[in-house]
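Quick look at structure_20.txt (compact mmCIF, C-alpha atoms):
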# COMPACT_ATOMS: atom_id res chain seq x y z
CA GLY A 1 1.04 4.46 16.66
CA GLU A 2 3.62 3.28 14.19
CA GLN A 3 5.35 5.91 12.08
CA VAL A 4 7.52 5.20 9.06
CA GLU A 5 9.92 7.69 7.55
CA GLN A 6 11.26 6.93 4.10
CA ARG A 7 14.12 8.69 2.38
CA PRO A 8 15.09 10.01 -0.04
CA PRO A 9 11.87 11.09 -1.75
CA HIS A 10 13.61 11.18 -5.14
CA LEU A 11 16.62 9.33 -6.49
CA SER A 12 18.37 9.66 -9.85
CA VAL A 13 20.67 6.77 -10.63
CA ARG A 14 22.99 6.17 -13.53
CA GLU A 15 22.44 2.84 -15.24
CA GLY A 16 24.74 0.24 -13.70
CA ASP A 17 25.15 2.11 -10.41
CA SER A 18 23.63 1.10 -7.08
CA ALA A 19 21.10 3.01 -4.99
CA VAL A 20 19.81 2.76 -1.43
CA ILE A 21 16.42 3.63 0.00
CA ILE A 22 16.03 3.66 3.78
CA CYS A 23 12.94 3.42 5.97
CA THR A 24 13.03 4.12 9.68
CA TYR A 25 10.15 2.89 11.83
CA THR A 26 9.24 3.63 15.42
CA ASP A 27 7.39 0.63 16.86
CA PRO A 28 9.83 -1.94 18.29
CA ASN A 29 7.05 -4.54 18.02
CA SER A 30 7.06 -4.32 14.23
CA TYR A 31 7.53 -7.77 12.87
CA TYR A 32 6.69 -7.84 9.18
CA PHE A 33 8.32 -5.65 6.60
CA PHE A 34 7.54 -5.19 2.93
CA TRP A 35 8.93 -3.42 -0.12
CA TYR A 36 6.57 -2.57 -2.96
CA LYS A 37 7.34 -1.22 -6.41
CA GLN A 38 4.87 0.87 -8.38
CA GLU A 39 5.46 1.46 -12.07
CA PRO A 40 3.54 4.23 -13.84
CA GLY A 41 -0.15 3.39 -14.20
CA ALA A 42 0.21 0.08 -12.38
CA GLY A 43 -0.62 -1.24 -8.94
CA LEU A 44 1.88 -1.81 -6.17
CA GLN A 45 3.90 -4.94 -6.86
CA LEU A 46 5.40 -6.79 -3.90
CA LEU A 47 9.18 -7.01 -4.20
CA MET A 48 9.91 -8.73 -0.94
CA LYS A 49 8.47 -9.46 2.46
CA VAL A 50 10.80 -9.82 5.40
CA PHE A 51 10.24 -11.31 8.82
CA SER A 52 11.98 -9.78 11.78
CA SER A 53 14.14 -12.86 12.26
CA THR A 54 15.82 -12.39 8.90
CA GLU A 55 18.36 -9.63 8.50
CA ILE A 56 19.60 -9.99 4.96
CA ASN A 57 17.38 -10.90 2.07
CA GLU A 58 18.42 -11.08 -1.54
CA GLY A 59 16.18 -10.70 -4.53
CA GLN A 60 16.78 -10.37 -8.23
CA GLY A 61 18.85 -7.21 -8.60
CA PHE A 62 18.34 -5.98 -5.05
CA THR A 63 19.10 -6.67 -1.40
CA VAL A 64 16.94 -5.88 1.61
CA LEU A 65 18.57 -5.31 4.98
CA LEU A 66 16.76 -5.17 8.30
CA ASN A 67 18.53 -3.49 11.22
CA LYS A 68 16.29 -4.02 14.24
CA LYS A 69 18.63 -2.24 16.61
CA ASP A 70 18.29 1.00 14.68
CA LYS A 71 14.75 0.17 13.46
CA GLN A 72 15.78 0.57 9.84
CA LEU A 73 14.81 -1.27 6.71
CA SER A 74 16.76 -0.64 3.53
CA LEU A 75 16.43 -1.54 -0.12
CA ASN A 76 19.64 -1.64 -2.09
CA LEU A 77 19.25 -1.69 -5.86
CA THR A 78 22.37 -3.20 -7.39
CA ALA A 79 23.40 -2.41 -10.98
CA ALA A 80 20.32 -0.31 -11.72
CA HIS A 81 18.68 -0.63 -15.14
CA PRO A 82 15.86 1.32 -16.80
CA GLY A 83 13.28 -1.22 -15.64
CA ASP A 84 14.01 -0.18 -12.06
CA SER A 85 12.51 3.28 -12.68
CA ALA A 86 9.44 3.37 -10.43
CA VAL A 87 8.17 4.52 -7.06
CA TYR A 88 9.23 2.27 -4.19
CA PHE A 89 7.29 2.00 -0.93
CA CYS A 90 8.26 0.34 2.30
CA ALA A 91 5.51 -0.94 4.60
CA VAL A 92 5.57 -2.21 8.14
CA ARG A 93 3.18 -4.23 10.24
CA ASN A 94 3.04 -5.76 13.71
CA ASN A 95 0.73 -8.47 15.03
CA TYR A 96 -1.98 -6.21 16.33
CA ALA A 97 -2.06 -3.10 14.16
CA GLN A 98 -4.67 -2.39 11.56
CA GLY A 99 -3.30 -2.79 8.09
CA LEU A 100 0.13 -1.80 6.86
CA THR A 101 1.91 1.47 7.70
CA PHE A 102 3.54 2.82 4.56
CA GLY A 103 6.43 5.14 3.91
CA LEU A 104 5.89 8.14 1.65
CA GLY A 105 7.62 6.49 -1.28
CA THR A 106 10.81 7.09 -3.24
CA ARG A 107 10.68 7.95 -6.93
CA VAL A 108 13.67 6.30 -8.63
CA SER A 109 14.75 7.40 -12.10
CA VAL A 110 17.46 5.43 -13.90
CA PHE A 111 19.25 7.30 -16.67
CA PRO A 112 21.78 6.01 -19.25
CA GLY B 1 0.95 -12.26 -11.90
CA PRO B 2 -2.36 -11.77 -10.11
CA LYS B 3 -3.97 -8.41 -10.83
CA VAL B 4 -6.41 -6.19 -9.02
CA LEU B 5 -8.36 -3.88 -11.31
CA GLN B 6 -9.83 -0.57 -10.22
CA ILE B 7 -12.50 1.28 -12.11
CA PRO B 8 -12.50 4.16 -12.90
CA SER B 9 -8.92 5.41 -12.74
CA HIS B 10 -10.11 8.99 -12.25
CA GLN B 11 -13.36 10.39 -10.92
CA ILE B 12 -14.41 14.00 -10.49
CA ILE B 13 -17.47 14.73 -8.43
CA ASP B 14 -19.23 17.66 -6.79
CA MET B 15 -19.15 17.91 -3.01
CA GLY B 16 -22.22 16.35 -1.43
CA GLN B 17 -22.80 13.82 -4.18
CA MET B 18 -22.38 10.09 -3.83
CA VAL B 19 -19.52 8.19 -5.41
CA THR B 20 -18.80 4.49 -5.77
CA LEU B 21 -15.30 3.19 -6.39
CA ASN B 22 -15.10 -0.26 -7.90
CA CYS B 23 -12.49 -2.94 -7.40
CA ASP B 24 -12.18 -6.27 -9.14
CA PRO B 25 -9.97 -8.31 -6.77
CA VAL B 26 -7.86 -11.32 -7.56
CA SER B 27 -10.14 -14.29 -8.14
CA ASN B 28 -10.26 -16.73 -5.19
CA HIS B 29 -9.02 -14.06 -2.79
CA LEU B 30 -11.12 -13.71 0.33
CA TYR B 31 -9.84 -10.58 2.07
CA PHE B 32 -10.28 -7.13 0.65
CA TYR B 33 -8.86 -3.77 1.64
CA TRP B 34 -9.10 -0.07 0.89
CA TYR B 35 -6.26 2.37 1.46
CA LYS B 36 -6.34 6.14 1.01
CA GLN B 37 -3.49 8.38 -0.09
CA ILE B 38 -3.87 12.14 0.05
CA LEU B 39 -1.50 13.98 -2.29
CA GLY B 40 1.94 14.23 -0.71
CA GLN B 41 1.03 12.04 2.25
CA GLN B 42 1.43 8.39 3.13
CA MET B 43 -0.94 5.69 2.03
CA GLU B 44 -3.20 4.92 5.01
CA PHE B 45 -5.33 1.93 5.88
CA LEU B 46 -9.09 2.47 5.72
CA VAL B 47 -10.81 -0.89 6.07
CA ASN B 48 -10.61 -4.59 5.51
CA PHE B 49 -13.53 -6.84 4.61
CA TYR B 50 -14.11 -10.57 4.77
CA ASN B 51 -17.09 -12.82 4.36
CA GLY B 52 -19.46 -9.93 3.82
CA LYS B 53 -18.35 -8.00 6.90
CA VAL B 54 -16.04 -5.21 7.89
CA MET B 55 -13.29 -6.83 9.96
CA GLU B 56 -11.26 -3.78 10.88
CA LYS B 57 -11.51 -0.10 10.13
CA SER B 58 -9.40 2.93 10.95
CA LYS B 59 -10.49 6.31 12.20
CA LEU B 60 -10.31 7.51 8.59
CA PHE B 61 -13.25 5.27 7.72
CA LYS B 62 -15.95 7.84 8.41
CA ASP B 63 -19.67 7.13 8.81
CA GLN B 64 -20.16 8.38 5.25
CA PHE B 65 -18.08 5.43 3.97
CA SER B 66 -19.42 1.96 3.31
CA VAL B 67 -18.07 -1.16 1.63
CA GLU B 68 -19.70 -4.21 0.16
CA ARG B 69 -19.17 -7.02 -2.29
CA PRO B 70 -22.59 -8.23 -3.42
CA ASP B 71 -22.58 -11.79 -4.76
CA GLY B 72 -18.90 -11.95 -5.59
CA SER B 73 -19.01 -8.98 -7.93
CA TYR B 74 -16.98 -5.81 -7.49
CA PHE B 75 -15.73 -4.88 -4.05
CA THR B 76 -16.94 -1.31 -3.69
CA LEU B 77 -16.24 1.73 -1.57
CA LYS B 78 -19.14 4.13 -1.42
CA ILE B 79 -18.90 7.64 -0.05
CA GLN B 80 -22.19 9.42 0.62
CA PRO B 81 -22.11 12.37 0.85
CA THR B 82 -18.65 13.31 -0.35
CA ALA B 83 -16.61 16.10 1.26
CA LEU B 84 -13.66 18.11 -0.03
CA GLU B 85 -11.27 16.20 2.24
CA ASP B 86 -12.22 12.95 0.51
CA SER B 87 -10.10 13.99 -2.48
CA ALA B 88 -7.34 11.40 -2.65
CA VAL B 89 -6.16 8.30 -4.46
CA TYR B 90 -7.93 5.21 -3.20
CA PHE B 91 -6.15 1.87 -3.53
CA CYS B 92 -7.89 -1.46 -3.36
CA ALA B 93 -6.06 -4.62 -2.35
CA SER B 94 -6.88 -8.28 -1.88
CA SER B 95 -5.23 -11.26 -0.27
CA SER B 96 -5.96 -14.94 0.12
CA ASP B 97 -5.46 -14.88 3.87
CA ARG B 98 -5.38 -12.43 6.73
CA VAL B 99 -2.13 -13.71 8.18
CA SER B 100 0.00 -10.69 8.94
CA ALA B 101 2.64 -11.48 6.39
CA GLU B 102 0.25 -12.47 3.69
CA THR B 103 0.90 -10.77 0.38
CA LEU B 104 -1.49 -7.99 -0.50
CA TYR B 105 -2.06 -7.40 -4.21
CA PHE B 106 -2.86 -3.79 -4.97
CA GLY B 107 -4.71 -2.10 -7.79
CA SER B 108 -3.35 1.01 -9.49
CA GLY B 109 -5.71 3.31 -7.62
CA THR B 110 -8.67 5.59 -8.34
CA ARG B 111 -7.95 9.29 -8.15
CA LEU B 112 -11.01 10.97 -6.66
CA THR B 113 -11.39 14.73 -6.94
CA VAL B 114 -14.19 16.36 -4.98
CA LEU B 115 -15.02 19.90 -6.12
Could you rewrite the structure in this file as structure tokens?
Amino acid sequence: GEQVEQRPPHLSVREGDSAVIICTYTDPNSYYFFWYKQEPGAGLQLLMKVFSSTEINEGQGFTVLLNKKDKQLSLNLTAAHPGDSAVYFCAVRNNYAQGLTFGLGTRVSVFP
Amino acid sequence: GPKVLQIPSHQIIDMGQMVTLNCDPVSNHLYFYWYKQILGQQMEFLVNFYNGKVMEKSKLFKDQFSVERPDGSYFTLKIQPTALEDSAVYFCASSSDRVSAETLYFGSGTRLTVL
């Protein structure tokens, strides 16, 4: 079945710098891709969902890139600020699988 | 935004006992999910539930597990009897539709420790 590898597991970022989290998946039939953010004590909050037909997606303070050739999904935090400190999860789904397949998560810490 | 509430946030129980994890999903959502995350491992799909029935379940959803949502109250996951390997964080989620790209709203999880 689908496997998702997420790296790095931890990321320390100076405020104002950028940071990249990468997920690599295995199933070429994967079609839906998600990034979730989990702040301490809170549930997973959806940052962005991406369809396989869209390669570049911009959100508020971040960009999501989908590289289907290499089966990679990346989250690029631009100009990090303290509110970006959280655990970030990627998740992948195809049309027939049960549920979402998650990465292990990346703990991001933004320091001044 | 919409919130999913999970009660309790932590639960400690002796092996062999029964435990019920409660989830208050987003109002007007129709699809409900449980995911399990063992410490240091990925979050994994357990089950989804719609219209009073289990729609899909994974191999992790053992015979000792059951789910229900009586009369629109809490969506619950019951484990009876519990085993040591059931120790994990259990996340509840809900969505308004089952379409593959539909947004799932997650709770903050219940950490279950089986002694």
- Work out how far apart atom CA of Ser74 of chain A and atom CA of Leu39 of chain B are and give it in Å to one decimal. 24.1 Å
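Going from atom CA of Gln37 of chain B to atom CA of Gly1 of chain B covers 24.2 Å.
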Ref. answer, residues at most 9 Å from (-10.3, 9.0, 2.0) with all atoms listed in the file, as a CSV table (one decimal) with C-alpha atoms, in the frame of the given file:
chain,number,residue,atom,x,y,z
B,35,TYR,CA,-6.3,2.4,1.5
B,36,LYS,CA,-6.3,6.1,1.0
B,37,GLN,CA,-3.5,8.4,-0.1
B,38,ILE,CA,-3.9,12.1,0.0
B,44,GLU,CA,-3.2,4.9,5.0
B,46,LEU,CA,-9.1,2.5,5.7
B,60,LEU,CA,-10.3,7.5,8.6
B,61,PHE,CA,-13.2,5.3,7.7
B,62,LYS,CA,-16.0,7.8,8.4
B,65,PHE,CA,-18.1,5.4,4.0
B,79,ILE,CA,-18.9,7.6,0.0
B,85,GLU,CA,-11.3,16.2,2.2
B,86,ASP,CA,-12.2,13.0,0.5
B,87,SER,CA,-10.1,14.0,-2.5
B,88,ALA,CA,-7.3,11.4,-2.6
B,89,VAL,CA,-6.2,8.3,-4.5
B,90,TYR,CA,-7.9,5.2,-3.2
B,112,LEU,CA,-11.0,11.0,-6.7
Can you work out which residues from chain A touch chain B at a cut-off of 9 Å (counting all atoms listed in the file) and hand them back as a compact mmCIF listing (two decimals) with C-alpha atoms, in the frame of the given file?
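Once everything was written out, this is out_35.txt:
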# COMPACT_ATOMS: atom_id res chain seq x y z
CA TYR A 31 7.53 -7.77 12.87
CA TYR A 32 6.69 -7.84 9.18
CA PHE A 33 8.32 -5.65 6.60
CA PHE A 34 7.54 -5.19 2.93
CA GLN A 38 4.87 0.87 -8.38
CA PRO A 40 3.54 4.23 -13.84
CA GLY A 41 -0.15 3.39 -14.20
CA ALA A 42 0.21 0.08 -12.38
CA GLY A 43 -0.62 -1.24 -8.94
CA LEU A 44 1.88 -1.81 -6.17
CA GLN A 45 3.90 -4.94 -6.86
CA LEU A 46 5.40 -6.79 -3.90
CA LYS A 49 8.47 -9.46 2.46
CA VAL A 50 10.80 -9.82 5.40
CA PHE A 51 10.24 -11.31 8.82
CA ARG A 93 3.18 -4.23 10.24
CA ASN A 94 3.04 -5.76 13.71
CA ASN A 95 0.73 -8.47 15.03
CA TYR A 96 -1.98 -6.21 16.33
CA GLN A 98 -4.67 -2.39 11.56
CA GLY A 99 -3.30 -2.79 8.09
CA LEU A 100 0.13 -1.80 6.86
CA THR A 101 1.91 1.47 7.70
CA PHE A 102 3.54 2.82 4.56
CA GLY A 103 6.43 5.14 3.91
CA LEU A 104 5.89 8.14 1.65
CA GLY A 105 7.62 6.49 -1.28
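Distances to Gln64 of chain B were evaluated for B:Phe49, B:Pro25, B:Gln17, B:Asp97 using all atoms listed in the file, and the minimum falls at B:Gln17.
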- Find the spatial neighbours of segment 29-31 of chain B, counting all atoms listed in the file, within a cut-off of 6 Å - ignore same-chain residues fewer than 2 positions away - and output them as number ranges by chain. B: 26-27, 49-50, 94-96
Write the residues of the preceding selection, restricted to C-alpha atoms, as a PDB file, keeping the file's coordinate frame.
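Written file, again-v6.pdb:
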ATOM      1  CA  VAL B  26      -7.860 -11.320  -7.560  1.00  0.00           C
ATOM      2  CA  SER B  27     -10.140 -14.290  -8.140  1.00  0.00           C
ATOM      3  CA  PHE B  49     -13.530  -6.840   4.610  1.00  0.00           C
ATOM      4  CA  TYR B  50     -14.110 -10.570   4.770  1.00  0.00           C
ATOM      5  CA  SER B  94      -6.880  -8.280  -1.880  1.00  0.00           C
ATOM      6  CA  SER B  95      -5.230 -11.260  -0.270  1.00  0.00           C
ATOM      7  CA  SER B  96      -5.960 -14.940   0.120  1.00  0.00           C
TER       8      SER B  96
END
What's the 9 Å shell around Ile56 of chain A, counting all atoms listed in the file, without same-chain residues fewer than 3 positions away, as a compact mmCIF listing (two decimals) with C-alpha atoms, in the frame of the given file?
# COMPACT_ATOMS: atom_id res chain seq x y z
CA VAL A 50 10.80 -9.82 5.40
CA THR A 63 19.10 -6.67 -1.40
CA VAL A 64 16.94 -5.88 1.61
CA LEU A 65 18.57 -5.31 4.98
CA LEU A 66 16.76 -5.17 8.30
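One distance worth recording is that between atom CA of Arg111 of chain B and atom CA of Thr76 of chain B, which is 14.6 Å.
By chain and then residue number, the residues within 9 Å of Val19 of chain B are Gln11, Ile13, Leu77, Lys78, Ile79, Gln80, Pro81 and Thr82 of chain B, counting all atoms listed in the file and disregarding those fewer than 5 positions away in sequence.
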- Item | Non-local contacts of Thr106 of chain A (7 Å; all atoms listed in the file; under 5 positions in same chain excluded) as a ChimeraX atom specification | /A:7-10,87-89
Can segment 16-40 of chain B be brought up to N, CA, C and O atoms and written out as an mmCIF file, keeping the file's coordinate frame?
data_model
loop_
_atom_site.group_PDB
_atom_site.id
_atom_site.type_symbol
_atom_site.label_atom_id
_atom_site.label_comp_id
_atom_site.auth_asym_id
_atom_site.auth_seq_id
_atom_site.Cartn_x
_atom_site.Cartn_y
_atom_site.Cartn_z
ATOM 1 N N GLY B 16 -20.862 16.671 -1.838
ATOM 2 C CA GLY B 16 -22.220 16.350 -1.430
ATOM 3 C C GLY B 16 -22.842 15.211 -2.220
ATOM 4 O O GLY B 16 -23.819 14.600 -1.780
ATOM 5 N N GLN B 17 -22.264 14.923 -3.378
ATOM 6 C CA GLN B 17 -22.800 13.820 -4.180
ATOM 7 C C GLN B 17 -22.250 12.489 -3.673
ATOM 8 O O GLN B 17 -21.307 12.430 -2.889
ATOM 9 N N MET B 18 -22.841 11.427 -4.170
ATOM 10 C CA MET B 18 -22.380 10.090 -3.830
ATOM 11 C C MET B 18 -21.410 9.602 -4.890
ATOM 12 O O MET B 18 -21.547 9.936 -6.071
ATOM 13 N N VAL B 19 -20.432 8.799 -4.457
ATOM 14 C CA VAL B 19 -19.520 8.190 -5.410
ATOM 15 C C VAL B 19 -19.283 6.750 -5.013
ATOM 16 O O VAL B 19 -19.274 6.416 -3.810
ATOM 17 N N THR B 20 -19.125 5.895 -6.009
ATOM 18 C CA THR B 20 -18.800 4.490 -5.770
ATOM 19 C C THR B 20 -17.536 4.143 -6.526
ATOM 20 O O THR B 20 -17.455 4.345 -7.737
ATOM 21 N N LEU B 21 -16.553 3.645 -5.785
ATOM 22 C CA LEU B 21 -15.300 3.190 -6.390
ATOM 23 C C LEU B 21 -15.344 1.676 -6.487
ATOM 24 O O LEU B 21 -15.712 1.004 -5.512
ATOM 25 N N ASN B 22 -14.967 1.170 -7.648
ATOM 26 C CA ASN B 22 -15.100 -0.260 -7.900
ATOM 27 C C ASN B 22 -13.738 -0.945 -7.950
ATOM 28 O O ASN B 22 -12.764 -0.407 -8.480
ATOM 29 N N CYS B 23 -13.715 -2.148 -7.438
ATOM 30 C CA CYS B 23 -12.490 -2.940 -7.400
ATOM 31 C C CYS B 23 -12.814 -4.373 -7.798
ATOM 32 O O CYS B 23 -13.746 -4.975 -7.253
ATOM 33 N N ASP B 24 -12.052 -4.871 -8.742
ATOM 34 C CA ASP B 24 -12.180 -6.270 -9.140
ATOM 35 C C ASP B 24 -10.962 -7.000 -8.564
ATOM 36 O O ASP B 24 -9.865 -6.909 -9.107
ATOM 37 N N PRO B 25 -11.127 -7.710 -7.438
ATOM 38 C CA PRO B 25 -9.970 -8.310 -6.770
ATOM 39 C C PRO B 25 -9.476 -9.551 -7.497
ATOM 40 O O PRO B 25 -10.083 -10.014 -8.460
ATOM 41 N N VAL B 26 -8.385 -10.087 -7.012
ATOM 42 C CA VAL B 26 -7.860 -11.320 -7.560
ATOM 43 C C VAL B 26 -8.874 -12.432 -7.282
ATOM 44 O O VAL B 26 -9.382 -12.548 -6.161
ATOM 45 N N SER B 27 -9.140 -13.222 -8.322
ATOM 46 C CA SER B 27 -10.140 -14.290 -8.140
ATOM 47 C C SER B 27 -9.624 -15.274 -7.095
ATOM 48 O O SER B 27 -8.415 -15.497 -6.990
ATOM 49 N N ASN B 28 -10.456 -15.792 -6.308
ATOM 50 C CA ASN B 28 -10.260 -16.730 -5.190
ATOM 51 C C ASN B 28 -9.660 -16.068 -3.951
ATOM 52 O O ASN B 28 -9.404 -16.716 -2.959
ATOM 53 N N HIS B 29 -9.420 -14.745 -4.014
ATOM 54 C CA HIS B 29 -9.020 -14.060 -2.790
ATOM 55 C C HIS B 29 -10.255 -13.811 -1.916
ATOM 56 O O HIS B 29 -11.368 -13.638 -2.416
ATOM 57 N N LEU B 30 -10.012 -13.786 -0.603
ATOM 58 C CA LEU B 30 -11.120 -13.710 0.330
ATOM 59 C C LEU B 30 -11.112 -12.437 1.178
ATOM 60 O O LEU B 30 -12.120 -12.109 1.797
ATOM 61 N N TYR B 31 -9.973 -11.760 1.227
ATOM 62 C CA TYR B 31 -9.840 -10.580 2.070
ATOM 63 C C TYR B 31 -9.616 -9.368 1.171
ATOM 64 O O TYR B 31 -8.820 -9.405 0.226
ATOM 65 N N PHE B 32 -10.312 -8.303 1.510
ATOM 66 C CA PHE B 32 -10.280 -7.130 0.650
ATOM 67 C C PHE B 32 -10.028 -5.904 1.500
ATOM 68 O O PHE B 32 -10.468 -5.805 2.649
ATOM 69 N N TYR B 33 -9.329 -4.922 0.890
ATOM 70 C CA TYR B 33 -8.860 -3.770 1.640
ATOM 71 C C TYR B 33 -9.036 -2.498 0.799
ATOM 72 O O TYR B 33 -8.969 -2.532 -0.423
ATOM 73 N N TRP B 34 -9.219 -1.391 1.508
ATOM 74 C CA TRP B 34 -9.100 -0.070 0.890
ATOM 75 C C TRP B 34 -8.073 0.741 1.677
ATOM 76 O O TRP B 34 -8.074 0.723 2.912
ATOM 77 N N TYR B 35 -7.221 1.437 0.904
ATOM 78 C CA TYR B 35 -6.260 2.370 1.460
ATOM 79 C C TYR B 35 -6.489 3.722 0.794
ATOM 80 O O TYR B 35 -6.928 3.794 -0.352
ATOM 81 N N LYS B 36 -6.144 4.775 1.526
ATOM 82 C CA LYS B 36 -6.340 6.140 1.010
ATOM 83 C C LYS B 36 -5.013 6.880 1.044
ATOM 84 O O LYS B 36 -4.276 6.809 2.036
ATOM 85 N N GLN B 37 -4.709 7.581 -0.048
ATOM 86 C CA GLN B 37 -3.490 8.380 -0.090
ATOM 87 C C GLN B 37 -3.819 9.794 -0.548
ATOM 88 O O GLN B 37 -4.135 10.014 -1.723
ATOM 89 N N ILE B 38 -3.722 10.730 0.390
ATOM 90 C CA ILE B 38 -3.870 12.140 0.050
ATOM 91 C C ILE B 38 -2.569 12.590 -0.593
ATOM 92 O O ILE B 38 -1.479 12.131 -0.200
ATOM 93 N N LEU B 39 -2.671 13.509 -1.553
ATOM 94 C CA LEU B 39 -1.500 13.980 -2.290
ATOM 95 C C LEU B 39 -0.396 14.429 -1.341
ATOM 96 O O LEU B 39 -0.619 15.260 -0.454
ATOM 97 N N GLY B 40 0.798 13.841 -1.520
ATOM 98 C CA GLY B 40 1.940 14.230 -0.710
ATOM 99 C C GLY B 40 2.014 13.558 0.651
ATOM 100 O O GLY B 40 2.939 13.810 1.419
#
